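Visitor: Data file data-v1.pdb (PDB, C-alpha atoms) is appended below.
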```
ATOM      1  CA  MET L   1       6.026  48.377  -2.398
ATOM      2  CA  ALA L   2       2.878  49.460  -4.279
ATOM      3  CA  PHE L   3       1.042  46.401  -2.920
ATOM      4  CA  LEU L   4       1.862  47.421   0.673
ATOM      5  CA  GLN L   5       0.691  50.968   0.005
ATOM      6  CA  TYR L   6      -2.526  49.647  -1.544
ATOM      7  CA  ASN L   7      -3.237  47.419   1.487
ATOM      8  CA  ALA L   8      -2.524  50.264   3.917
ATOM      9  CA  ALA L   9      -4.818  52.603   1.972
ATOM     10  CA  LYS L  10      -7.555  49.936   1.788
ATOM     11  CA  ARG L  11      -7.407  49.298   5.557
ATOM     12  CA  ALA L  12      -7.506  53.036   6.278
ATOM     13  CA  TYR L  13     -10.454  53.567   3.929
ATOM     14  CA  SER L  14     -12.477  50.686   5.364
ATOM     15  CA  ALA L  15     -11.773  51.799   8.963
ATOM     16  CA  GLN L  16     -12.881  55.324   8.113
ATOM     17  CA  SER L  17     -15.930  54.348   6.056
ATOM     18  CA  ARG L  18     -17.315  51.243   7.742
ATOM     19  CA  ALA L  19     -20.485  50.950   9.792
ATOM     20  CA  PHE L  20     -19.993  51.473  13.530
ATOM     21  CA  ILE L  21     -22.906  50.253  15.665
ATOM     22  CA  LEU L  22     -23.659  51.091  19.305
ATOM     23  CA  SER L  23     -26.493  51.507  21.783
ATOM     24  CA  ASN L  24     -26.345  54.079  24.583
ATOM     25  CA  SER L  25     -29.882  55.451  24.957
ATOM     26  CA  LEU L  26     -33.549  54.588  25.360
ATOM     27  CA  GLN L  27     -36.540  56.096  23.617
ATOM     28  CA  LEU L  28     -39.922  56.352  25.323
ATOM     29  CA  VAL L  29     -42.976  57.206  23.244
ATOM     30  CA  THR L  30     -46.730  56.869  23.713
ATOM     31  CA  TYR L  31     -49.178  56.439  20.894
ATOM     32  CA  GLY L  32     -52.169  56.576  23.226
ATOM     33  CA  GLY L  33     -52.934  52.880  22.914
ATOM     34  CA  LYS L  34     -55.532  51.463  25.271
ATOM     35  CA  GLY L  35     -54.532  49.036  27.974
ATOM     36  CA  PRO L  36     -56.742  46.398  29.633
ATOM     37  CA  ASN L  37     -58.077  49.076  32.014
ATOM     38  CA  ASP L  38     -57.890  52.848  32.577
ATOM     39  CA  GLU L  39     -54.844  52.479  34.836
ATOM     40  CA  GLU L  40     -52.937  50.925  31.944
ATOM     41  CA  THR L  41     -53.896  53.588  29.381
ATOM     42  CA  PRO L  42     -52.082  55.044  27.505
ATOM     43  CA  ARG L  43     -49.477  52.444  26.565
ATOM     44  CA  TRP L  44     -45.809  53.443  26.302
ATOM     45  CA  LEU L  45     -43.235  51.828  24.052
ATOM     46  CA  ILE L  46     -39.708  51.711  25.531
ATOM     47  CA  ASN L  47     -36.925  50.993  23.042
ATOM     48  CA  PRO L  48     -33.184  50.723  23.305
ATOM     49  CA  ILE L  49     -31.918  52.745  20.328
ATOM     50  CA  ILE L  50     -29.360  51.044  18.107
ATOM     51  CA  GLU L  51     -27.303  53.534  16.082
ATOM     52  CA  ASN L  52     -24.998  53.315  13.096
ATOM     53  CA  GLN L  53     -22.523  56.165  13.468
ATOM     54  CA  GLY L  54     -20.559  55.011  10.444
ATOM     55  CA  ASN L  55     -20.654  56.053   6.801
ATOM     56  CA  THR L  56     -21.930  52.809   5.240
ATOM     57  CA  PRO L  57     -24.861  50.454   5.973
ATOM     58  CA  THR L  58     -24.750  47.169   7.834
ATOM     59  CA  SER L  59     -25.625  43.751   6.548
ATOM     60  CA  GLN L  60     -26.399  40.570   8.464
ATOM     61  CA  LEU L  61     -27.230  42.654  11.563
ATOM     62  CA  LYS L  62     -28.365  40.561  14.523
ATOM     63  CA  PHE L  63     -28.994  41.879  18.023
ATOM     64  CA  SER L  64     -30.186  40.707  21.422
ATOM     65  CA  ILE L  65     -31.796  42.869  24.086
ATOM     66  CA  ASP L  66     -32.358  42.346  27.794
ATOM     67  CA  MET L  67     -33.906  44.991  30.020
ATOM     68  CA  LEU L  68     -34.150  45.543  33.760
ATOM     69  CA  ILE L  69     -37.097  47.598  34.966
ATOM     70  CA  GLY L  70     -36.536  49.429  38.239
ATOM     71  CA  GLY L  71     -32.970  48.139  38.539
ATOM     72  CA  TYR L  72     -29.523  49.051  37.311
ATOM     73  CA  ALA L  73     -27.836  47.165  34.518
ATOM     74  CA  THR L  74     -24.415  46.129  35.780
ATOM     75  CA  SER L  75     -21.483  44.172  34.425
ATOM     76  CA  GLU L  76     -22.399  41.357  36.815
ATOM     77  CA  ALA L  77     -26.017  41.337  35.586
ATOM     78  CA  PHE L  78     -24.744  41.197  31.976
ATOM     79  CA  GLU L  79     -22.610  38.160  32.802
ATOM     80  CA  GLN L  80     -25.369  36.396  34.794
ATOM     81  CA  ARG L  81     -28.131  37.031  32.252
ATOM     82  CA  ASN L  82     -25.763  36.447  29.279
ATOM     83  CA  PRO L  83     -27.315  38.277  26.285
ATOM     84  CA  TYR L  84     -25.377  35.911  23.977
ATOM     85  CA  LYS L  85     -27.880  33.180  24.904
ATOM     86  CA  LEU L  86     -30.971  35.271  24.101
ATOM     87  CA  THR L  87     -32.863  35.184  20.823
ATOM     88  CA  PHE L  88     -31.263  37.450  18.219
ATOM     89  CA  THR L  89     -33.451  39.677  16.047
ATOM     90  CA  GLN L  90     -32.353  40.677  12.537
ATOM     91  CA  GLY L  91     -32.299  44.117  10.961
ATOM     92  CA  VAL L  92     -30.458  46.588   8.756
ATOM     93  CA  ILE L  93     -29.282  50.081   9.649
ATOM     94  CA  GLY L  94     -28.252  52.572   6.994
ATOM     95  CA  PRO L  95     -25.366  54.995   7.350
ATOM     96  CA  ARG L  96     -25.701  57.659  10.053
ATOM     97  CA  SER L  97     -29.088  56.338  11.125
ATOM     98  CA  GLN L  98     -30.742  54.512  13.974
ATOM     99  CA  MET L  99     -33.502  52.077  14.767
ATOM    100  CA  ALA L 100     -35.777  51.619  17.727
ATOM    101  CA  SER L 101     -35.798  48.013  18.772
ATOM    102  CA  GLY L 102     -39.460  48.002  19.882
ATOM    103  CA  TRP L 103     -38.904  45.871  22.901
ATOM    104  CA  LEU L 104     -41.104  46.809  25.868
ATOM    105  CA  ILE L 105     -44.668  48.110  26.321
ATOM    106  CA  MET L 106     -45.724  49.581  29.668
ATOM    107  CA  GLY L 107     -48.701  51.442  31.070
ATOM    108  CA  PRO L 108     -48.839  54.221  33.680
ATOM    109  CA  VAL L 109     -49.078  51.743  36.592
ATOM    110  CA  ASN L 110     -45.559  50.460  35.867
ATOM    111  CA  LEU L 111     -44.045  53.635  34.385
ATOM    112  CA  THR L 112     -45.152  56.127  37.076
ATOM    113  CA  PRO L 113     -42.930  54.599  39.817
ATOM    114  CA  LEU L 114     -39.915  55.062  37.508
ATOM    115  CA  SER L 115     -40.754  58.645  36.486
ATOM    116  CA  GLY L 116     -38.975  61.511  38.181
ATOM    117  CA  ARG L 117     -35.697  59.592  38.274
ATOM    118  CA  LYS L 118     -37.002  57.369  41.079
ATOM    119  CA  ALA L 119     -35.762  54.128  39.536
ATOM    120  CA  PRO L 120     -33.734  53.260  36.429
ATOM    121  CA  ILE L 121     -34.343  51.178  33.356
ATOM    122  CA  GLY L 122     -31.357  49.051  32.411
ATOM    123  CA  ALA L 123     -30.552  47.801  28.924
ATOM    124  CA  MET L 124     -27.944  45.277  27.857
ATOM    125  CA  GLY L 125     -27.275  43.203  24.827
ATOM    126  CA  VAL L 126     -25.108  42.153  21.925
ATOM    127  CA  ILE L 127     -24.982  43.400  18.334
ATOM    128  CA  LYS L 128     -23.315  41.378  15.543
ATOM    129  CA  TYR L 129     -23.023  42.652  11.985
ATOM    130  CA  THR L 130     -21.030  42.659   8.780
ATOM    131  CA  ASP L 131     -19.838  45.891   7.163
ATOM    132  CA  VAL L 132     -19.895  46.560   3.400
ATOM    133  CA  PHE L 133     -16.264  45.433   3.187
ATOM    134  CA  GLY L 134     -17.222  41.938   4.422
ATOM    135  CA  ASP L 135     -15.678  42.241   7.896
ATOM    136  CA  ARG L 136     -17.579  40.870  10.912
ATOM    137  CA  HIS L 137     -18.054  43.112  13.966
ATOM    138  CA  LEU L 138     -19.265  42.735  17.541
ATOM    139  CA  THR L 139     -20.664  45.303  19.969
ATOM    140  CA  GLU L 140     -21.695  44.714  23.572
ATOM    141  CA  TYR L 141     -23.750  47.332  25.412
ATOM    142  CA  CYS L 142     -24.779  47.708  29.046
ATOM    143  CA  TYR L 143     -26.245  50.898  30.547
ATOM    144  CA  SER L 144     -28.957  52.292  32.821
ATOM    145  CA  ALA L 145     -31.081  55.390  32.299
ATOM    146  CA  ASN L 146     -33.466  57.311  34.536
ATOM    147  CA  VAL L 147     -36.904  58.389  33.345
ATOM    148  CA  PRO L 148     -37.306  62.168  33.716
ATOM    149  CA  PRO L 149     -40.326  63.636  35.510
ATOM    150  CA  LEU L 150     -43.329  63.405  33.191
ATOM    151  CA  ASP L 151     -47.079  62.986  33.302
ATOM    152  CA  VAL L 152     -47.352  59.501  31.832
ATOM    153  CA  LYS L 153     -51.144  59.757  31.440
ATOM    154  CA  GLU L 154     -51.287  63.139  29.653
ATOM    155  CA  PHE L 155     -48.014  63.260  27.718
ATOM    156  CA  PRO L 156     -48.450  64.237  24.017
ATOM    157  CA  ARG L 157     -48.863  61.251  21.714
ATOM    158  CA  GLY L 158     -46.080  60.467  19.286
ATOM    159  CA  GLN L 159     -43.541  62.811  20.896
ATOM    160  CA  PRO L 160     -40.490  60.665  21.718
ATOM    161  CA  ILE L 161     -38.354  61.165  24.798
ATOM    162  CA  ARG L 162     -34.732  60.085  24.469
ATOM    163  CA  ILE L 163     -32.784  59.331  27.619
ATOM    164  CA  TYR L 164     -29.079  58.548  27.604
ATOM    165  CA  GLY L 165     -27.667  55.929  29.896
ATOM    166  CA  SER L 166     -24.733  55.670  32.211
ATOM    167  CA  TYR L 167     -22.484  52.778  31.267
ATOM    168  CA  CYS L 168     -21.670  49.616  33.167
ATOM    169  CA  GLU L 169     -18.009  49.145  34.091
ATOM    170  CA  ARG L 170     -17.583  46.456  31.425
ATOM    171  CA  HIS L 171     -19.481  45.243  28.374
ATOM    172  CA  ASN L 172     -19.522  48.537  26.472
ATOM    173  CA  CYS L 173     -17.113  47.550  23.762
ATOM    174  CA  ALA L 174     -16.587  46.975  20.073
ATOM    175  CA  ASP L 175     -14.583  44.247  18.344
ATOM    176  CA  ALA L 176     -11.168  43.611  19.965
ATOM    177  CA  GLU L 177     -12.157  45.662  23.036
ATOM    178  CA  CYS L 178     -14.621  42.817  23.818
ATOM    179  CA  GLY L 179     -11.838  40.303  24.465
ATOM    180  CA  PRO L 180      -9.483  38.020  22.562
ATOM    181  CA  ASP L 181     -12.260  35.685  21.359
ATOM    182  CA  TRP L 182     -14.463  38.471  19.936
ATOM    183  CA  GLU L 183     -14.168  37.223  16.318
ATOM    184  CA  LYS L 184     -15.525  33.815  17.297
ATOM    185  CA  ARG L 185     -18.455  35.379  19.192
ATOM    186  CA  ALA L 186     -19.166  37.748  16.251
ATOM    187  CA  SER L 187     -19.457  34.766  13.884
ATOM    188  CA  GLU L 188     -21.634  32.514  16.063
TER
END
```
Can I see the file as structure tokens?
Guide:
Amino acid sequence: MAFLQYNAAKRAYSAQSRAFILSNSLQLVTYGGKGPNDEETPRWLINPIIENQGNTPTSQLKFSIDMLIGGYATSEAFEQRNPYKLTFTQGVIGPRSQMASGWLIMGPVNLTPLSGRKAPIGAMGVIKYTDVFGDRHLTEYCYSANVPPLDVKEFPRGQPIRIYGSYCERHNCADAECGPDWEKRASE
């Protein structure tokens, strides 16, 4: 009986304390970098934000990112573009923290047509990681966000803008929510 109680307590503790990784927002920030011409200055960095909302760090974190500029990320786009086949980048995220993936650099020529909620930026991808208890996990994300109205040429340097996305119908899941073969995909 004590063994069963121990196992139940261990499972409850690890579920409560483990890392829980997701992505549901983009960060835009300019550092005033120069582009090839005045129309491309300043440069903007657009990052999907990957967050650990859990109480312990990750290990063996690998993630893929695919972005759609001026188009909506959809479940169909996720399946056609298949983020599982993209190159995975490695990282570590501590408890209750986040990381910017540093994926896309744009200048005013490309960012201005999106500003003012005229067109979305879509993000989709896969996150695989191990928690401190040794359990493998899988997260899929798929969302689109609209850039608020802003002066992309005169915006203050280093001041990030965070925009939250609206989710695709599918492919916003963690572990078993991602389908019966999630454990195999998390280990690949």
Visitor: Please provide as an NGL selection string all residues within 8 Å of segment 125-136 of chain L, with the sequence filter that same-chain residues fewer than 5 positions apart are discarded (counting only C-alpha atoms).
Guide: :L and (14 or 18-19 or 21-22 or 56-66 or 78 or 83-84 or 141-142 or 183 or 186-187)
Visitor: Starting from the displayed file, determine the output of the PyMOL selection byres ((chain L and resi 152-158) around 7) and express the residue list as a list in words.
Guide: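 Evaluating the PyMOL selection byres ((chain L and resi 152-158) around 7) on this file yields Val29, Thr30, Tyr31, Gly32, Pro42, Pro108, Thr112, Leu150, Asp151, Gln159 and Pro160 of chain L.
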Visitor: Given the selection you just returned, output its residues as a file containing C-alpha atoms, formatted as a PDB file, in the coordinates of the input.
Guide:
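So result.pdb came out as:
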```
ATOM      1  CA  VAL L  29     -42.976  57.206  23.244  1.00  0.00           C
ATOM      2  CA  THR L  30     -46.730  56.869  23.713  1.00  0.00           C
ATOM      3  CA  TYR L  31     -49.178  56.439  20.894  1.00  0.00           C
ATOM      4  CA  GLY L  32     -52.169  56.576  23.226  1.00  0.00           C
ATOM      5  CA  PRO L  42     -52.082  55.044  27.505  1.00  0.00           C
ATOM      6  CA  PRO L 108     -48.839  54.221  33.680  1.00  0.00           C
ATOM      7  CA  THR L 112     -45.152  56.127  37.076  1.00  0.00           C
ATOM      8  CA  LEU L 150     -43.329  63.405  33.191  1.00  0.00           C
ATOM      9  CA  ASP L 151     -47.079  62.986  33.302  1.00  0.00           C
ATOM     10  CA  GLN L 159     -43.541  62.811  20.896  1.00  0.00           C
ATOM     11  CA  PRO L 160     -40.490  60.665  21.718  1.00  0.00           C
TER      12      PRO L 160
END
```
Visitor: Near Asn55 of chain L, within 9 Å and counting only C-alpha atoms, which residues show up once chain neighbours fewer than 6 positions away are dropped, as a short mmCIF file (atom, residue, chain, number, x, y, z; two decimals) with C-alpha atoms, in the coordinates of the input?
Guide:
```
data_model
loop_
_atom_site.label_atom_id
_atom_site.label_comp_id
_atom_site.auth_asym_id
_atom_site.auth_seq_id
_atom_site.Cartn_x
_atom_site.Cartn_y
_atom_site.Cartn_z
CA GLN L 16 -12.88 55.32 8.11
CA SER L 17 -15.93 54.35 6.06
CA ARG L 18 -17.32 51.24 7.74
CA ALA L 19 -20.48 50.95 9.79
CA PHE L 20 -19.99 51.47 13.53
CA GLY L 94 -28.25 52.57 6.99
CA PRO L 95 -25.37 55.00 7.35
CA ARG L 96 -25.70 57.66 10.05
#
```
Visitor: Check which residues satisfy the PyMOL selection byres ((chain L and resi 119) around 12) in the file shown, then give them as a list in words.
Guide: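 Applied to this file, the PyMOL selection byres ((chain L and resi 119) around 12) returns Leu68, Ile69, Gly70, Gly71, Tyr72, Ala73, Asn110, Leu111, Thr112, Pro113, Leu114, Ser115, Gly116, Arg117, Lys118, Pro120, Ile121, Gly122, Ser144, Ala145, Asn146, Val147, Pro148 and Pro149 of chain L.
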Visitor: To one decimal place, how far is atom CA of Lys85 of chain L from atom CA of Trp103 of chain L in Å?
Guide: 16.9 Å
Visitor: Nearest to Ser75 of chain L among L:Glu51, L:Ala100, L:Asp181, L:Ala123, with distances taken over only C-alpha atoms: which residue is it?
Guide: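 Smallest separation from Ser75 of chain L among the options: L:Ala123.
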Visitor: What gap, in Å, lies between atom CA of Met99 of chain L and atom CA of Ile50 of chain L?
Guide: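 About the pair atom CA of Met99 of chain L and atom CA of Ile50 of chain L: they are 5.4 Å apart.
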Visitor: Here is a test: counting all atoms listed in the file, which residue of L:Glu140, L:Met106, L:Met124, L:Val92 is nearest to Trp44 of chain L?
Guide: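 Going through L:Glu140, L:Met106, L:Met124, L:Val92 one by one, the smallest distance to Trp44 of chain L is for L:Met106.
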Visitor: What is the atom CA of Leu138 of chain L to atom CA of Tyr167 of chain L distance in Å?
Guide: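 Between atom CA of Leu138 of chain L and atom CA of Tyr167 of chain L the gap works out to 17.3 Å.
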Visitor: Please evaluate the PyMOL selection byres ((chain L and resi 162) around 6) against the displayed coordinates and give the resulting residues as a list of chain:residue names.
Guide: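 Residues picked by the PyMOL selection byres ((chain L and resi 162) around 6): L:Leu26, L:Gln27, L:Ile161, L:Ile163.
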Visitor: Edge lengths and centre, in Å to one decimal, as AutoDock Vina command-line options: that's what I need for the box along x, y and z that holds all listed atoms of segment 96-105 of chain L plus 8 Å on each side.
Guide:
```
--center_x -35.2 --center_y 51.8 --center_z 18.2 --size_x 35.0 --size_y 27.8 --size_z 32.3
```
Visitor: Pick from L:Ser166, L:Asn37, L:Thr139, L:Asn47: nearest to Trp182 of chain L, with all atoms listed in the file counted?
Guide: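 When distances to Trp182 of chain L are compared using all atoms listed in the file, the smallest one comes from L:Thr139.
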